[in-house]
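Below: one structure, written as structure tokens.
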There are 2 protein chains.
Amino acid sequence: MARVVVDVMLKPEILDPQGQAVANALPRLGVDNVSSVRIGRRIEIEFAGAPDLDRAREIADKLLANPVIEDFTINVHEDAAAEVA
Amino acid sequence: MARVVVDVMLKPEILDPQGQAVANALPRLGVDNVSSVRIGRRIEIEFAGAPDLDRAREIADKLLANPVIEDFTINVHEDAAAEVA
């Protein structure tokens with residue numbers, strides 16, 4: 001079982017009010033060294049069998065991202081437990 | 001300028017209707033080898049100066065994730081252009 005991760009983020013020139021709301025809340029937490037926060041989506045697609053990057057790209061392009069305002073990146077995670085919690 | 005990426009995903013035991021809706025739409029695109037789709041959030045935090053992982057963890061815990069239903073992972077991306085488009 002292989003997992004393909006699609007990260008969808010707003011293009012840099014598109015305003016991100018949700019991220020700005022978080023950034024504006026940080027000084028109240030005592031955090032003053034953050035210059036920007038951007039919020040997007042992470043989609044984990046589990047393939048039965050081998051991961052199919054071309055399929056994943058097609059899914060991302062047609063279903064997951066709006067190419068007018070969003071960019072996406074695709075990564076294969078062979079092992080699901082490679083990140084620090 | 002360093003970027004810390006916080007990935008927030010629903011815990012595995014929590015139902016993800018948004019991901020299921022995408023999974024259910026895939027056969028209409030001719031994709032039948034996907035076993036599951038889960039949708040979460042990806043938050044990019046840009047620090048002015050060195051990235052502060054403890055700060056990022058505090059922000060994620062207090063502002064970005066709901067620890068009752070969500071897990072988060074934190075990664076440092078020194079170079080923002082390391083992923084495949």
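Starting from 1 in every chain, residues are counted up; chains themselves are A, B, ... following the order of the structure tokens, and ligands are numbered from 1 as listed.
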
With only C-alpha atoms considered, list every residue of chain B at most 6 Å from chain A, as a PDB file with all heavy atoms, in the first residue's frame.
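Generated output (result_37.pdb):
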```pdb
ATOM      1  N   ASN B  33      -8.229   2.284  -8.566  1.00  0.00           N
ATOM      2  CA  ASN B  33      -7.213   1.650  -7.724  1.00  0.00           C
ATOM      3  C   ASN B  33      -6.866   2.492  -6.494  1.00  0.00           C
ATOM      4  O   ASN B  33      -5.782   2.356  -5.925  1.00  0.00           O
ATOM      5  CB  ASN B  33      -5.947   1.336  -8.533  1.00  0.00           C
ATOM      6  CG  ASN B  33      -5.368   2.569  -9.208  1.00  0.00           C
ATOM      7  OD1 ASN B  33      -6.045   3.593  -9.307  1.00  0.00           O
ATOM      8  ND2 ASN B  33      -4.138   2.475  -9.662  1.00  0.00           N
ATOM      9  N   VAL B  34      -7.785   3.354  -6.062  1.00  0.00           N
ATOM     10  CA  VAL B  34      -7.566   4.160  -4.859  1.00  0.00           C
ATOM     11  C   VAL B  34      -8.386   3.555  -3.731  1.00  0.00           C
ATOM     12  O   VAL B  34      -9.584   3.320  -3.883  1.00  0.00           O
ATOM     13  CB  VAL B  34      -7.970   5.627  -5.104  1.00  0.00           C
ATOM     14  CG1 VAL B  34      -8.049   6.381  -3.787  1.00  0.00           C
ATOM     15  CG2 VAL B  34      -6.970   6.301  -6.031  1.00  0.00           C
ATOM     16  N   SER B  35      -7.722   3.253  -2.606  1.00  0.00           N
ATOM     17  CA  SER B  35      -8.454   2.620  -1.515  1.00  0.00           C
ATOM     18  C   SER B  35      -8.967   3.627  -0.496  1.00  0.00           C
ATOM     19  O   SER B  35      -9.966   3.373   0.163  1.00  0.00           O
ATOM     20  CB  SER B  35      -7.584   1.556  -0.843  1.00  0.00           C
ATOM     21  OG  SER B  35      -6.380   2.110  -0.402  1.00  0.00           O
ATOM     22  N   SER B  36      -8.277   4.766  -0.328  1.00  0.00           N
ATOM     23  CA  SER B  36      -8.844   5.772   0.565  1.00  0.00           C
ATOM     24  C   SER B  36      -8.251   7.146   0.288  1.00  0.00           C
ATOM     25  O   SER B  36      -7.146   7.270  -0.231  1.00  0.00           O
ATOM     26  CB  SER B  36      -8.637   5.384   2.034  1.00  0.00           C
ATOM     27  OG  SER B  36      -7.526   6.033   2.589  1.00  0.00           O
ATOM     28  N   VAL B  37      -9.041   8.165   0.620  1.00  0.00           N
ATOM     29  CA  VAL B  37      -8.606   9.555   0.490  1.00  0.00           C
ATOM     30  C   VAL B  37      -8.898  10.240   1.813  1.00  0.00           C
ATOM     31  O   VAL B  37      -9.998  10.105   2.351  1.00  0.00           O
ATOM     32  CB  VAL B  37      -9.352  10.283  -0.658  1.00  0.00           C
ATOM     33  CG1 VAL B  37      -8.934  11.739  -0.734  1.00  0.00           C
ATOM     34  CG2 VAL B  37      -9.118   9.598  -1.989  1.00  0.00           C
ATOM     35  N   ARG B  38      -7.903  10.922   2.373  1.00  0.00           N
ATOM     36  CA  ARG B  38      -8.126  11.695   3.604  1.00  0.00           C
ATOM     37  C   ARG B  38      -7.654  13.121   3.349  1.00  0.00           C
ATOM     38  O   ARG B  38      -6.606  13.348   2.760  1.00  0.00           O
ATOM     39  CB  ARG B  38      -7.343  11.125   4.805  1.00  0.00           C
ATOM     40  CG  ARG B  38      -7.495   9.654   4.977  1.00  0.00           C
ATOM     41  CD  ARG B  38      -8.264   9.116   6.138  1.00  0.00           C
ATOM     42  NE  ARG B  38      -8.285   9.760   7.401  1.00  0.00           N
ATOM     43  CZ  ARG B  38      -9.361   9.678   8.204  1.00  0.00           C
ATOM     44  NH1 ARG B  38     -10.435   9.027   7.824  1.00  0.00           N
ATOM     45  NH2 ARG B  38      -9.341  10.242   9.377  1.00  0.00           N
ATOM     46  N   ILE B  39      -8.438  14.068   3.802  1.00  0.00           N
ATOM     47  CA  ILE B  39      -8.133  15.469   3.535  1.00  0.00           C
ATOM     48  C   ILE B  39      -7.882  16.196   4.847  1.00  0.00           C
ATOM     49  O   ILE B  39      -8.684  16.106   5.784  1.00  0.00           O
ATOM     50  CB  ILE B  39      -9.282  16.136   2.744  1.00  0.00           C
ATOM     51  CG1 ILE B  39      -9.430  15.415   1.397  1.00  0.00           C
ATOM     52  CG2 ILE B  39      -9.014  17.621   2.550  1.00  0.00           C
ATOM     53  CD1 ILE B  39     -10.451  16.013   0.474  1.00  0.00           C
ATOM     54  N   GLY B  40      -6.749  16.876   4.912  1.00  0.00           N
ATOM     55  CA  GLY B  40      -6.402  17.651   6.093  1.00  0.00           C
ATOM     56  C   GLY B  40      -5.908  19.025   5.697  1.00  0.00           C
ATOM     57  O   GLY B  40      -6.149  19.473   4.580  1.00  0.00           O
ATOM     58  N   ARG B  41      -5.189  19.677   6.610  1.00  0.00           N
ATOM     59  CA  ARG B  41      -4.697  21.021   6.343  1.00  0.00           C
ATOM     60  C   ARG B  41      -3.174  21.041   6.362  1.00  0.00           C
ATOM     61  O   ARG B  41      -2.546  20.278   7.098  1.00  0.00           O
ATOM     62  CB  ARG B  41      -5.217  21.999   7.400  1.00  0.00           C
ATOM     63  CG  ARG B  41      -6.691  22.265   7.282  1.00  0.00           C
ATOM     64  CD  ARG B  41      -7.127  23.451   8.117  1.00  0.00           C
ATOM     65  NE  ARG B  41      -6.780  23.317   9.527  1.00  0.00           N
ATOM     66  CZ  ARG B  41      -7.373  22.488  10.376  1.00  0.00           C
ATOM     67  NH1 ARG B  41      -8.336  21.701   9.969  1.00  0.00           N
ATOM     68  NH2 ARG B  41      -6.995  22.438  11.635  1.00  0.00           N
ATOM     69  N   ARG B  42      -2.595  21.900   5.548  1.00  0.00           N
ATOM     70  CA  ARG B  42      -1.156  22.131   5.544  1.00  0.00           C
ATOM     71  C   ARG B  42      -0.963  23.605   5.850  1.00  0.00           C
ATOM     72  O   ARG B  42      -1.504  24.464   5.149  1.00  0.00           O
ATOM     73  CB  ARG B  42      -0.573  21.782   4.180  1.00  0.00           C
ATOM     74  CG  ARG B  42       0.885  22.167   3.991  1.00  0.00           C
ATOM     75  CD  ARG B  42       1.270  22.017   2.528  1.00  0.00           C
ATOM     76  NE  ARG B  42       2.562  22.592   2.230  1.00  0.00           N
ATOM     77  CZ  ARG B  42       3.702  21.892   2.186  1.00  0.00           C
ATOM     78  NH1 ARG B  42       3.682  20.603   2.409  1.00  0.00           N
ATOM     79  NH2 ARG B  42       4.835  22.489   1.929  1.00  0.00           N
ATOM     80  N   ILE B  43      -0.212  23.898   6.887  1.00  0.00           N
ATOM     81  CA  ILE B  43       0.012  25.285   7.288  1.00  0.00           C
ATOM     82  C   ILE B  43       1.502  25.593   7.169  1.00  0.00           C
ATOM     83  O   ILE B  43       2.329  24.870   7.734  1.00  0.00           O
ATOM     84  CB  ILE B  43      -0.468  25.558   8.731  1.00  0.00           C
ATOM     85  CG1 ILE B  43      -1.952  25.272   8.838  1.00  0.00           C
ATOM     86  CG2 ILE B  43      -0.193  26.999   9.135  1.00  0.00           C
ATOM     87  CD1 ILE B  43      -2.293  23.992   9.548  1.00  0.00           C
ATOM     88  N   GLU B  44       1.839  26.625   6.401  1.00  0.00           N
ATOM     89  CA  GLU B  44       3.235  27.035   6.235  1.00  0.00           C
ATOM     90  C   GLU B  44       3.473  28.270   7.089  1.00  0.00           C
ATOM     91  O   GLU B  44       2.823  29.300   6.899  1.00  0.00           O
ATOM     92  CB  GLU B  44       3.528  27.345   4.761  1.00  0.00           C
ATOM     93  CG  GLU B  44       3.398  26.119   3.874  1.00  0.00           C
ATOM     94  CD  GLU B  44       3.701  26.402   2.413  1.00  0.00           C
ATOM     95  OE1 GLU B  44       3.850  27.594   2.061  1.00  0.00           O
ATOM     96  OE2 GLU B  44       3.782  25.431   1.644  1.00  0.00           O
ATOM     97  N   ILE B  45       4.394  28.147   8.045  1.00  0.00           N
ATOM     98  CA  ILE B  45       4.718  29.261   8.942  1.00  0.00           C
ATOM     99  C   ILE B  45       6.116  29.745   8.599  1.00  0.00           C
ATOM    100  O   ILE B  45       7.078  28.982   8.684  1.00  0.00           O
ATOM    101  CB  ILE B  45       4.662  28.814  10.416  1.00  0.00           C
ATOM    102  CG1 ILE B  45       3.289  28.225  10.751  1.00  0.00           C
ATOM    103  CG2 ILE B  45       4.987  29.960  11.353  1.00  0.00           C
ATOM    104  CD1 ILE B  45       3.212  27.600  12.137  1.00  0.00           C
ATOM    105  N   GLU B  46       6.223  31.010   8.187  1.00  0.00           N
ATOM    106  CA  GLU B  46       7.541  31.584   7.871  1.00  0.00           C
ATOM    107  C   GLU B  46       8.043  32.321   9.103  1.00  0.00           C
ATOM    108  O   GLU B  46       7.387  33.246   9.592  1.00  0.00           O
ATOM    109  CB  GLU B  46       7.441  32.592   6.716  1.00  0.00           C
ATOM    110  CG  GLU B  46       6.860  32.045   5.454  1.00  0.00           C
ATOM    111  CD  GLU B  46       7.931  31.604   4.462  1.00  0.00           C
ATOM    112  OE1 GLU B  46       9.122  31.599   4.847  1.00  0.00           O
ATOM    113  OE2 GLU B  46       7.558  31.263   3.332  1.00  0.00           O
ATOM    114  N   PHE B  47       9.215  31.912   9.582  1.00  0.00           N
ATOM    115  CA  PHE B  47       9.810  32.605  10.712  1.00  0.00           C
ATOM    116  C   PHE B  47      10.808  33.642  10.208  1.00  0.00           C
ATOM    117  O   PHE B  47      11.547  33.387   9.254  1.00  0.00           O
ATOM    118  CB  PHE B  47      10.546  31.621  11.623  1.00  0.00           C
ATOM    119  CG  PHE B  47       9.631  30.857  12.540  1.00  0.00           C
ATOM    120  CD1 PHE B  47       9.100  29.644  12.155  1.00  0.00           C
ATOM    121  CD2 PHE B  47       9.289  31.366  13.780  1.00  0.00           C
ATOM    122  CE1 PHE B  47       8.246  28.940  12.989  1.00  0.00           C
ATOM    123  CE2 PHE B  47       8.439  30.666  14.627  1.00  0.00           C
ATOM    124  CZ  PHE B  47       7.922  29.452  14.227  1.00  0.00           C
ATOM    125  N   ALA B  48      10.816  34.823  10.833  1.00  0.00           N
ATOM    126  CA  ALA B  48      11.867  35.799  10.571  1.00  0.00           C
ATOM    127  C   ALA B  48      13.068  35.324  11.378  1.00  0.00           C
ATOM    128  O   ALA B  48      13.042  35.343  12.607  1.00  0.00           O
ATOM    129  CB  ALA B  48      11.415  37.183  11.007  1.00  0.00           C
ATOM    130  N   THR B  73       1.789  16.968  12.451  1.00  0.00           N
ATOM    131  CA  THR B  73       3.223  16.713  12.331  1.00  0.00           C
ATOM    132  C   THR B  73       3.884  18.024  11.925  1.00  0.00           C
ATOM    133  O   THR B  73       3.275  18.856  11.243  1.00  0.00           O
ATOM    134  CB  THR B  73       3.538  15.639  11.279  1.00  0.00           C
ATOM    135  OG1 THR B  73       3.051  16.068  10.023  1.00  0.00           O
ATOM    136  CG2 THR B  73       2.893  14.314  11.624  1.00  0.00           C
ATOM    137  N   VAL B  84       8.446  18.395  -5.898  1.00  0.00           N
ATOM    138  CA  VAL B  84       8.122  18.263  -7.324  1.00  0.00           C
ATOM    139  C   VAL B  84       6.758  18.888  -7.597  1.00  0.00           C
ATOM    140  O   VAL B  84       5.802  18.622  -6.881  1.00  0.00           O
ATOM    141  CB  VAL B  84       8.103  16.772  -7.716  1.00  0.00           C
ATOM    142  CG1 VAL B  84       7.812  16.633  -9.205  1.00  0.00           C
ATOM    143  CG2 VAL B  84       9.427  16.113  -7.370  1.00  0.00           C
ATOM    144  N   ALA B  85       6.686  19.708  -8.622  1.00  0.00           N
ATOM    145  CA  ALA B  85       5.410  20.368  -8.918  1.00  0.00           C
ATOM    146  C   ALA B  85       4.495  19.434  -9.701  1.00  0.00           C
ATOM    147  O   ALA B  85       4.954  18.571 -10.413  1.00  0.00           O
ATOM    148  CB  ALA B  85       5.659  21.641  -9.703  1.00  0.00           C
TER     149      ALA B  85
END
```

Practice prompt. One decimal, Å: what's the distance from atom CA of Ala21 of chain A over to atom CA of Asp16 of chain B, could you say?
Written response: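 Rounded to one decimal, the two atoms are 25.0 Å apart.
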
Item to complete: From a DSSP pass on the backbone, collect the residues of chain A flagged as strand (DSSP E) and hand them back as a PyMOL selection string.
Response: chain A and resi 2-10+34-47+70-77

Item to complete: If you run DSSP over the backbone, which residues in chain B end up helix (DSSP H, G or I)? Put them as a ChimeraX atom specification.
Response: /B:17-29,53-64

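One distance worth recording is that between atom CA of Glu78 of chain B and atom CA of Asn66 of chain B, which is 26.8 Å.
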
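A straight line drawn from atom CA of Leu10 of chain A to atom CA of Pro17 of chain B is 22.6 Å long.
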